[in-house]
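As stored in query35.txt (compact mmCIF, C-alpha atoms):
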```txt
# COMPACT_ATOMS: atom_id res chain seq x y z
CA MET C 14 137.96 183.46 61.17
CA LYS C 15 137.86 180.98 64.06
CA HIS C 16 139.23 178.12 61.96
CA GLY C 17 142.04 180.39 60.77
CA LEU C 18 142.91 181.33 64.35
CA ILE C 19 142.98 177.67 65.37
CA ILE C 20 145.38 176.82 62.54
CA ILE C 21 147.67 179.76 63.35
CA ASN C 22 147.70 178.95 67.07
CA CYS C 23 148.39 175.27 66.37
CA ILE C 24 151.40 176.26 64.26
CA LEU C 25 152.69 178.60 66.97
CA LEU C 26 152.19 175.95 69.65
CA THR C 27 153.98 173.34 67.53
CA ILE C 28 157.00 175.57 66.97
CA GLY C 29 157.15 176.59 70.63
CA THR C 30 156.62 173.12 72.12
CA CYS C 31 159.26 171.51 69.90
CA GLY C 32 161.74 174.37 69.54
CA GLY C 33 161.70 175.91 73.03
CA PRO C 34 163.06 172.92 75.00
CA LEU C 35 165.66 172.12 72.33
CA LEU C 36 167.07 175.66 72.27
CA THR C 37 167.04 175.86 76.08
CA ARG C 38 168.91 172.56 76.35
CA LEU C 39 171.37 173.78 73.69
CA TYR C 40 172.14 176.70 75.98
CA TYR C 41 172.80 174.42 78.97
CA THR C 42 174.92 171.87 77.10
CA ASN C 43 177.29 174.52 75.74
CA GLY C 44 178.29 176.26 78.94
CA GLY C 45 175.12 178.14 79.94
CA LYS C 46 174.32 177.95 83.65
CA ARG C 47 171.95 180.85 84.40
CA ILE C 48 168.58 179.32 85.27
CA TRP C 49 166.90 182.65 86.01
CA LEU C 50 168.07 183.97 82.64
CA MET C 51 166.35 181.09 80.84
CA SER C 52 163.22 181.71 82.92
CA PHE C 53 163.35 185.38 81.94
CA ILE C 54 163.81 184.57 78.25
CA SER C 55 160.71 182.35 78.23
CA THR C 56 158.40 185.39 78.32
CA ALA C 57 160.76 188.27 77.47
CA GLY C 58 159.77 188.00 73.79
CA CYS C 59 156.34 189.46 74.59
CA PRO C 60 156.99 192.83 72.81
CA ILE C 61 156.40 190.92 69.56
CA ILE C 62 152.71 190.89 70.54
CA LEU C 63 152.65 194.65 69.93
CA ILE C 64 152.72 193.99 66.18
CA PRO C 65 149.30 192.26 65.92
CA LEU C 66 147.93 194.63 68.57
CA PHE C 67 148.93 197.62 66.44
CA PHE C 68 147.18 196.26 63.36
CA SER C 69 144.15 195.38 65.49
CA PHE C 70 143.96 198.98 66.69
CA LEU C 71 144.16 200.30 63.11
CA SER C 72 141.37 197.94 62.07
CA ARG C 73 139.13 199.05 64.95
CA ARG C 74 139.80 202.72 64.21
CA ARG C 75 138.94 202.23 60.53
CA SER C 76 135.70 200.46 61.44
CA ASN C 77 134.87 203.18 63.92
CA ARG C 78 135.37 205.92 61.32
CA ASN C 79 133.16 204.10 58.83
CA ARG C 80 130.48 203.72 61.50
CA ASN C 81 130.65 207.43 62.33
CA ARG C 82 130.44 208.33 58.64
CA ASP C 83 127.23 206.33 58.35
CA ASN C 84 125.83 207.87 61.53
CA ALA C 85 123.21 210.51 60.76
CA GLU C 86 124.34 212.65 63.68
CA ASN C 87 127.97 212.44 62.49
CA THR C 88 129.28 212.33 66.08
CA GLU C 89 132.99 211.69 66.38
CA GLY C 90 133.81 208.49 68.25
CA LYS C 91 137.07 207.65 69.92
CA THR C 92 138.71 204.28 69.43
CA LYS C 93 139.97 202.59 72.58
CA ILE C 94 143.70 202.02 72.60
CA LEU C 95 143.32 199.24 75.16
CA LEU C 96 140.34 196.92 75.52
CA ILE C 97 141.34 195.28 78.80
CA GLU C 98 139.53 196.46 81.92
CA THR C 99 140.72 196.48 85.54
CA PRO C 100 139.40 193.04 86.67
CA LEU C 101 140.98 191.25 83.71
CA PHE C 102 144.16 193.32 84.15
CA ILE C 103 144.53 192.16 87.76
CA ALA C 104 143.71 188.55 86.84
CA SER C 105 146.33 188.64 84.09
CA ILE C 106 148.98 189.84 86.55
CA VAL C 107 148.17 186.97 88.94
CA ILE C 108 148.35 184.43 86.11
CA GLY C 109 151.60 186.01 84.95
CA LEU C 110 153.23 185.59 88.37
CA LEU C 111 152.23 181.91 88.35
CA ILE C 112 153.71 181.52 84.86
CA GLY C 113 156.92 183.19 86.02
CA LEU C 114 157.23 180.64 88.83
CA ASP C 115 156.42 177.82 86.41
CA ASN C 116 159.09 179.08 83.99
CA TYR C 117 161.71 178.93 86.73
CA LEU C 118 160.72 175.41 87.77
CA TYR C 119 160.82 174.17 84.18
CA ALA C 120 164.15 175.88 83.42
CA TYR C 121 165.63 174.43 86.62
CA GLY C 122 164.57 170.91 85.69
CA LEU C 123 165.81 171.20 82.11
CA ALA C 124 169.23 172.24 83.40
CA TYR C 125 169.71 168.74 84.86
CA LEU C 126 167.54 166.54 82.65
CA PRO C 127 167.75 165.52 78.99
CA VAL C 128 165.03 166.91 76.73
CA SER C 129 163.53 163.44 76.35
CA THR C 130 163.20 162.90 80.09
CA SER C 131 161.87 166.42 80.68
CA SER C 132 159.30 165.96 77.92
CA LEU C 133 157.97 162.71 79.33
CA ILE C 134 157.51 164.35 82.75
CA ILE C 135 155.76 167.36 81.23
CA GLY C 136 153.47 164.90 79.46
CA THR C 137 151.89 164.05 82.81
CA GLN C 138 150.30 167.52 82.79
CA LEU C 139 147.47 166.22 80.61
CA ALA C 140 146.05 164.03 83.38
CA PHE C 141 146.21 166.93 85.86
CA ASN C 142 144.83 169.28 83.21
CA ALA C 143 141.80 167.06 82.68
CA LEU C 144 141.25 166.90 86.45
CA PHE C 145 141.52 170.66 86.97
CA ALA C 146 139.37 171.39 83.90
CA PHE C 147 136.63 169.09 85.21
CA PHE C 148 136.39 170.87 88.57
CA MET C 149 137.21 174.46 87.53
CA VAL C 150 135.41 174.94 84.20
CA LYS C 151 133.05 171.92 84.23
CA GLN C 152 134.76 170.41 81.19
CA LYS C 153 132.49 167.87 79.51
CA PHE C 154 134.13 164.61 78.47
CA THR C 155 133.16 162.39 75.57
CA PRO C 156 134.33 158.80 75.01
CA PHE C 157 136.76 160.18 72.42
CA SER C 158 138.30 162.77 74.77
CA VAL C 159 138.58 160.21 77.59
CA ASN C 160 140.30 157.82 75.19
CA ALA C 161 142.70 160.60 74.15
CA VAL C 162 143.62 161.40 77.77
CA VAL C 163 144.18 157.70 78.53
CA MET C 164 146.30 157.06 75.41
CA LEU C 165 148.49 160.14 75.94
CA THR C 166 148.93 159.39 79.65
CA VAL C 167 149.81 155.75 78.95
CA GLY C 168 152.30 156.92 76.33
CA THR C 169 153.97 159.13 78.90
CA GLY C 170 154.07 156.26 81.39
CA ILE C 171 155.72 153.99 78.83
CA LEU C 172 158.43 156.59 78.28
CA ALA C 173 159.02 156.70 82.03
CA LEU C 174 159.85 152.98 82.11
CA ASN C 175 163.33 153.59 80.75
CA SER C 176 164.01 157.15 81.90
CA ASN C 177 166.98 156.21 84.13
CA GLY C 178 169.02 155.35 81.08
CA ASP C 179 168.86 158.98 79.95
CA LYS C 180 170.64 160.46 82.99
CA PRO C 181 173.53 162.67 81.80
CA ALA C 182 176.92 161.30 82.79
CA HIS C 183 178.10 164.59 84.34
CA GLU C 184 175.02 165.00 86.57
CA SER C 185 174.85 163.51 90.06
CA HIS C 186 171.98 161.30 91.16
CA LYS C 187 170.84 164.01 93.58
CA GLN C 188 170.73 166.64 90.81
CA TYR C 189 168.82 164.23 88.57
CA VAL C 190 166.21 163.48 91.26
CA ILE C 191 165.76 167.15 92.16
CA GLY C 192 165.42 168.05 88.47
CA PHE C 193 162.84 165.27 88.04
CA LEU C 194 160.72 166.43 90.99
CA VAL C 195 160.94 170.13 90.10
CA THR C 196 159.87 169.40 86.50
CA LEU C 197 156.92 167.36 87.80
CA VAL C 198 155.80 170.32 89.93
CA ALA C 199 156.14 172.55 86.85
CA ALA C 200 153.88 170.19 84.90
CA VAL C 201 151.21 170.22 87.63
CA LEU C 202 151.35 174.01 87.94
CA TYR C 203 150.94 174.58 84.19
CA ALA C 204 148.10 172.05 84.14
CA PHE C 205 146.41 174.31 86.70
CA ILE C 206 147.20 177.55 84.80
CA LEU C 207 145.43 176.55 81.56
CA PRO C 208 141.98 175.93 83.17
CA LEU C 209 142.55 179.06 85.26
CA VAL C 210 142.88 181.09 82.04
CA GLU C 211 139.70 179.50 80.65
CA LEU C 212 137.89 180.25 83.93
CA THR C 213 139.04 183.87 83.68
CA TYR C 214 137.52 184.11 80.20
CA LYS C 215 134.21 182.72 81.45
CA LYS C 216 134.03 184.96 84.51
CA ALA C 217 134.97 188.14 82.63
CA ARG C 218 132.39 190.92 82.60
CA GLN C 219 133.36 192.03 79.11
CA GLU C 220 133.23 190.33 75.75
CA ILE C 221 136.33 188.21 75.14
CA THR C 222 137.75 188.85 71.67
CA PHE C 223 141.07 187.73 70.26
CA PRO C 224 142.61 191.26 70.45
CA LEU C 225 141.63 191.29 74.13
CA VAL C 226 143.28 187.87 74.55
CA LEU C 227 146.47 189.33 73.07
CA GLU C 228 146.34 192.22 75.53
CA MET C 229 145.88 189.80 78.42
CA GLN C 230 148.82 187.77 77.13
CA MET C 231 150.94 190.92 76.99
CA VAL C 232 150.14 191.77 80.63
CA THR C 233 150.66 188.15 81.69
CA CYS C 234 154.07 187.91 80.03
CA LEU C 235 155.18 191.28 81.42
CA ALA C 236 154.27 190.12 84.95
CA ALA C 237 156.12 186.82 84.46
CA THR C 238 159.14 188.63 82.99
CA CYS C 239 159.29 191.06 85.92
CA PHE C 240 159.09 188.12 88.34
CA CYS C 241 162.07 186.45 86.68
CA LEU C 242 163.92 189.77 86.36
CA VAL C 243 163.86 190.14 90.15
CA GLY C 244 165.26 186.60 90.38
CA MET C 245 168.06 187.50 87.97
CA ILE C 246 169.00 190.54 90.06
CA ILE C 247 169.05 188.55 93.30
CA ALA C 248 171.08 185.72 91.70
CA GLY C 249 173.57 188.19 90.21
CA ASP C 250 173.04 187.04 86.62
CA PHE C 251 173.81 190.46 85.13
CA LYS C 252 177.33 190.33 86.54
CA VAL C 253 178.28 187.13 84.71
CA ILE C 254 176.21 187.12 81.49
CA ALA C 255 178.87 188.94 79.45
CA ARG C 256 181.60 186.50 80.54
CA GLU C 257 179.33 183.53 79.94
CA GLY C 258 178.73 184.77 76.39
CA ARG C 259 182.45 185.07 75.68
CA GLU C 260 183.09 181.55 77.02
CA PHE C 261 180.15 179.94 75.19
CA LYS C 262 181.35 176.78 73.45
CA ILE C 263 179.64 177.45 70.10
CA GLY C 264 180.33 180.69 68.26
CA GLY C 265 181.21 182.82 71.28
CA SER C 266 179.24 185.96 72.13
CA ALA C 267 177.64 186.38 68.69
CA PHE C 268 176.03 182.94 68.72
CA TYR C 269 175.21 183.26 72.43
CA TRP C 270 173.13 186.42 72.03
CA THR C 271 171.54 185.14 68.83
CA LEU C 272 170.48 182.00 70.69
CA ILE C 273 169.04 184.09 73.53
CA VAL C 274 166.93 186.22 71.15
CA ILE C 275 165.67 183.29 69.05
CA THR C 276 164.83 181.27 72.17
CA GLY C 277 162.73 184.17 73.50
CA ILE C 278 160.79 184.43 70.24
CA ILE C 279 160.19 180.67 70.03
CA TRP C 280 158.94 180.45 73.62
CA GLN C 281 156.59 183.36 72.97
CA GLY C 282 155.10 181.31 70.16
CA PHE C 283 154.41 178.54 72.66
CA PHE C 284 152.56 180.80 75.09
CA LEU C 285 150.58 182.55 72.33
CA GLY C 286 149.61 179.22 70.81
CA ALA C 287 148.61 177.66 74.13
CA ILE C 288 146.46 180.62 75.21
CA GLY C 289 145.04 180.95 71.69
CA ILE C 290 143.86 177.33 71.72
CA VAL C 291 142.21 177.93 75.10
CA PHE C 292 140.36 180.90 73.55
CA CYS C 293 139.33 179.05 70.37
CA ALA C 294 138.57 175.68 71.96
CA SER C 295 139.31 174.78 75.60
CA SER C 296 142.12 174.29 78.11
CA LEU C 297 141.81 170.52 77.60
CA ALA C 298 142.37 170.93 73.85
CA SER C 299 145.49 172.97 74.57
CA GLY C 300 146.76 170.30 76.95
CA VAL C 301 146.07 167.55 74.40
CA LEU C 302 148.04 169.37 71.70
CA ILE C 303 151.00 169.94 74.02
CA SER C 304 151.05 166.26 74.99
CA VAL C 305 150.77 165.16 71.36
CA LEU C 306 153.82 167.24 70.44
CA LEU C 307 156.03 165.93 73.25
CA PRO C 308 156.98 162.68 71.45
CA VAL C 309 157.86 164.79 68.41
CA THR C 310 160.17 166.77 70.68
CA GLU C 311 161.62 163.43 71.81
CA VAL C 312 162.45 162.49 68.22
CA LEU C 313 164.02 165.88 67.56
CA ALA C 314 166.09 165.53 70.74
CA VAL C 315 167.42 162.21 69.45
CA VAL C 316 168.42 163.86 66.17
CA CYS C 317 169.87 167.07 67.64
CA PHE C 318 171.52 165.79 70.84
CA ARG C 319 171.97 162.12 69.91
CA GLU C 320 169.86 160.98 72.82
CA LYS C 321 168.86 157.33 72.89
CA PHE C 322 165.69 156.33 71.03
CA GLN C 323 164.38 153.22 72.72
CA ALA C 324 161.43 151.18 71.51
CA GLU C 325 159.37 152.76 74.29
CA LYS C 326 159.64 156.15 72.61
CA GLY C 327 158.35 154.72 69.34
CA VAL C 328 155.34 153.16 71.10
CA ALA C 329 154.68 156.43 72.92
CA LEU C 330 154.72 158.30 69.62
CA LEU C 331 152.12 155.95 68.13
CA LEU C 332 149.90 156.23 71.21
CA SER C 333 150.13 160.01 71.07
CA LEU C 334 149.05 160.05 67.43
CA TRP C 335 146.19 157.71 68.33
CA GLY C 336 145.09 160.02 71.14
CA PHE C 337 145.40 163.06 68.88
CA VAL C 338 143.18 161.54 66.18
CA SER C 339 140.68 160.29 68.77
CA TYR C 340 140.28 163.69 70.43
CA PHE C 341 139.80 165.70 67.26
CA TYR C 342 137.53 163.11 65.68
CA GLY C 343 135.35 163.45 68.76
CA GLU C 344 135.39 167.24 68.40
CA TYR C 345 134.43 166.88 64.73
CA LYS C 346 131.50 164.60 65.60
CA SER C 347 130.31 166.97 68.33
CA GLY C 348 130.57 169.98 66.03
CA LYS C 349 128.66 168.18 63.29
CA LYS C 350 125.81 167.41 65.72
CA VAL C 351 125.59 171.08 66.68
CA VAL C 352 125.54 172.20 63.04
CA ASP C 353 122.89 169.67 62.08
CA LYS C 354 120.64 170.66 64.99
CA PRO C 355 118.30 173.52 64.01
CA LEU C 356 118.24 176.56 66.28
CA THR C 357 115.04 177.39 68.08
CA PRO C 358 114.19 180.88 69.37
CA GLU C 359 115.11 179.66 72.86
CA THR C 360 118.56 178.43 71.80
CA GLU C 361 119.55 181.25 69.46
CA LEU C 362 122.35 183.39 70.84
CA PRO C 363 121.67 187.12 71.24
CA ILE C 364 123.72 189.55 69.21
CA LEU C 365 126.25 191.18 71.49
CA PRO C 366 126.84 194.91 71.17
CA ASP C 367 130.15 196.05 69.71
CA SER C 368 132.41 196.99 72.64
CA ASP C 369 135.48 197.84 70.57
CA SER C 370 134.66 201.54 70.41
CA VAL C 371 133.02 204.23 72.53
CA ALA C 372 130.44 206.35 70.82
```
Any chance you could put this one into structure tokens?
Amino acid sequence: MKHGLIIINCILLTIGTCGGPLLTRLYYTNGGKRIWLMSFISTAGCPIILIPLFFSFLSRRRSNRNRNRDNAENTEGKTKILLIETPLFIASIVIGLLIGLDNYLYAYGLAYLPVSTSSLIIGTQLAFNALFAFFMVKQKFTPFSVNAVVMLTVGTGILALNSNGDKPAHESHKQYVIGFLVTLVAAVLYAFILPLVELTYKKARQEITFPLVLEMQMVTCLAATCFCLVGMIIAGDFKVIAREGREFKIGGSAFYWTLIVITGIIWQGFFLGAIGIVFCASSLASGVLISVLLPVTEVLAVVCFREKFQAEKGVALLLSLWGFVSYFYGEYKSGKKVVDKPLTPETELPILPDSDSVA
């Protein structure tokens, strides 16, 4: 089950990390100018989470009925519709507001930067992620994980050596610098959010299951969406969206709204994948995967937007693959040591009671 969840979350994170920035940049390069709208779209696809939550509820209700049927007293039990309790609900709202702010910062930067430049700045989040994870969740480092962080950070630094050549011709130097700095702040903030989510899991007073993680993600995305919705209202986005759709350079209104919907779904895959990896592994693992995929996004940006592909980007791609292999080889070695080590009565984990239903 856990290995299956890791694979699914890796696929979602891959699609979101590579597709989200490309679709957002496509919006900006074809006449789109509403930054708050793009921030809103980043988490507005959260209703799609209701689908797995619905099937999870049906599964819990079926298990509950079978348990009651086997119960000698035949007492009827009620299946909880929601698993999340008040402390986690409040924590999810706080995290959601931080994500809403981070979405705005990232969307603002991407409005003035090429995808390749934005990706290399976002890549710096891994170094901050490792730092925050060390202090917040006491992340343990192995030689392999340290090597991965170093290789991925060096790869990002190499990309930065030639970033000035990617400045769009129609953007001023001031806009480019502001976009650069805002994107850097977005990277640092998201590097803080991932360990914060892991810390929330560890401090929770209830058992953390994947359905509960989905509920937390739903609350988080709703809070982030409401944050950006207020920004849209203040900025007056609703007054100009219809006209912007009609004047969109590719396909007019039909393509415009299709792009908006698809972008929302793709970004939701990113957030689900990132939080899922934190649940299945750690915040550092999630940060490593995001950084590994950034050079892939660079290559796709070259293909889709004809951005320049310098030798530095090729070297960064190789270093990212090296870091990726190093990190997961270290995880494999660590996991093998745990499996080979026999459990003693002192180290065996107690069986937790089933909290999915109320007798």
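Shortest separation to C:Ile134 among C:Thr99, C:Ser185, C:Thr238, C:Thr196 occurs at residue C:Thr196, atoms counted being all atoms listed in the file.
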(Q) Between C:Val162, C:Leu330, C:Cys234, C:Cys31, which residue has the minimum interatomic distance to C:Leu285, considering all atoms listed in the file? (A)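 Residue with the minimum atom-to-atom distance to C:Leu285: C:Cys234.
Of note, atom CA of C:Val316 and atom CA of C:Thr37 are spaced 15.6 Å apart.
For the set C:Leu227, C:Ile108, C:Asn79, C:Thr137, the residue with the smallest atom-to-atom gap to C:Ile64 is C:Leu227, counting all atoms listed in the file.
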Q. What is the atom CA of C:Ile171-atom CA of C:Ala329 distance in Å, reported with one decimal?
A.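 Answer for the atom CA of C:Ile171 to atom CA of C:Ala329 separation: 6.5 Å.
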Q: Identify which of the residues C:Ile275, C:Lys15, C:Val232, C:Leu302 lies closest to C:Ser105, counting only C-alpha atoms when measuring atom-to-atom distances.
A: C:Val232
Draw an axis-aligned box over all listed atoms of stretch 65-68 of chain C, pad each side with 4 Å, and write its centre and edge lengths in Å, one decimal, as JSON.
```
{"center_x": 148.2, "center_y": 194.9, "center_z": 66.0, "size_x": 10.1, "size_y": 13.4, "size_z": 13.2}
```
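Comparing the minimum interatomic distances between C:Leu66 and each of C:Val107, C:Met231, C:Ile54, C:Ile303, counting only C-alpha atoms, we find that C:Met231 sits nearest.
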Q) Interatomic distance between atom CA of C:Thr42 and atom CA of C:Leu306? A) 22.6 Å
Contact table stretch 103-175 of chain C vs stretch 336-344 of chain C, cut-off 6 Å, shortest pair per residue, all atoms listed in the file, as CSV:
```
residue,atom,partner,partner_atom,distance
C:Phe157,CA,C:Gly343,CA,5.1
C:Ser158,CA,C:Tyr340,CA,4.9
C:Ala161,CA,C:Gly336,CA,3.9
C:Met164,CA,C:Gly336,CA,5.3
C:Leu165,CA,C:Gly336,CA,5.9
```
May I have the residues from that selection written out with C-alpha atoms, as an mmCIF file, in the coordinates of the input?
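Saved to selection.cif:
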```
data_model
loop_
_atom_site.group_PDB
_atom_site.id
_atom_site.type_symbol
_atom_site.label_atom_id
_atom_site.label_comp_id
_atom_site.auth_asym_id
_atom_site.auth_seq_id
_atom_site.Cartn_x
_atom_site.Cartn_y
_atom_site.Cartn_z
ATOM 1 C CA PHE C 157 136.760 160.180 72.420
ATOM 2 C CA SER C 158 138.300 162.770 74.770
ATOM 3 C CA ALA C 161 142.700 160.600 74.150
ATOM 4 C CA MET C 164 146.300 157.060 75.410
ATOM 5 C CA LEU C 165 148.490 160.140 75.940
#
```
Q.
Can you pull out the residues contacting C:Phe148? Cut-off 12 Å, using all atoms listed in the file, and skip same-chain residues under 4 positions away; I want them as an MDAnalysis selection string.
A. chainID C and resid 141:144 152:153 205 208:209 212
Q: Skip C:Arg259 itself and residues of its chain fewer than 2 positions away, then list as an NGL selection string all residues within 12 Å of it, counting all atoms listed in the file.
A: :C and (43-45 or 253-257 or 261-270)
Q. What's the 8 Å shell around stretch 20-25 of chain C, counting only C-alpha atoms, without same-chain residues fewer than 6 positions away, as a ChimeraX atom specification?
A. /C:282-283,285-287,289-290,302
Q) With only C-alpha atoms as the basis for distance, which of C:Leu39, C:Leu96, C:Ala104, C:Leu126 is at the shortest distance from C:Leu194? A)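 For C:Leu194, the nearest of the candidates is C:Leu126.
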Q: Please provide as a list in words all residues within 12 Å of C:Val167, with the sequence filter that same-chain residues fewer than 4 positions apart are discarded (counting only C-alpha atoms).
A: Leu133, Gly136, Thr137, Leu139, Ala140, Asn160, Ala161, Val162, Val163, Ile171, Leu172, Ala173, Leu174, Ser304, Glu325, Lys326, Val328, Ala329, Leu330, Leu331, Leu332, Ser333, Trp335 and Gly336 of chain C
Do you have, as a Markdown table, the list of residues of stretch 110-205 of chain C lying at most 12 Å from stretch 213-217 of chain C, each with its nearest atom pair and that distance in Å to one decimal, counting only C-alpha atoms and ordered by chain then number?
```
| residue | atom | partner | partner_atom | distance |
| --- | --- | --- | --- | --- |
| C:Met149 | CA | C:Thr213 | CA | 10.3 |
| C:Val150 | CA | C:Lys215 | CA | 8.3 |
| C:Lys151 | CA | C:Lys215 | CA | 11.2 |
```
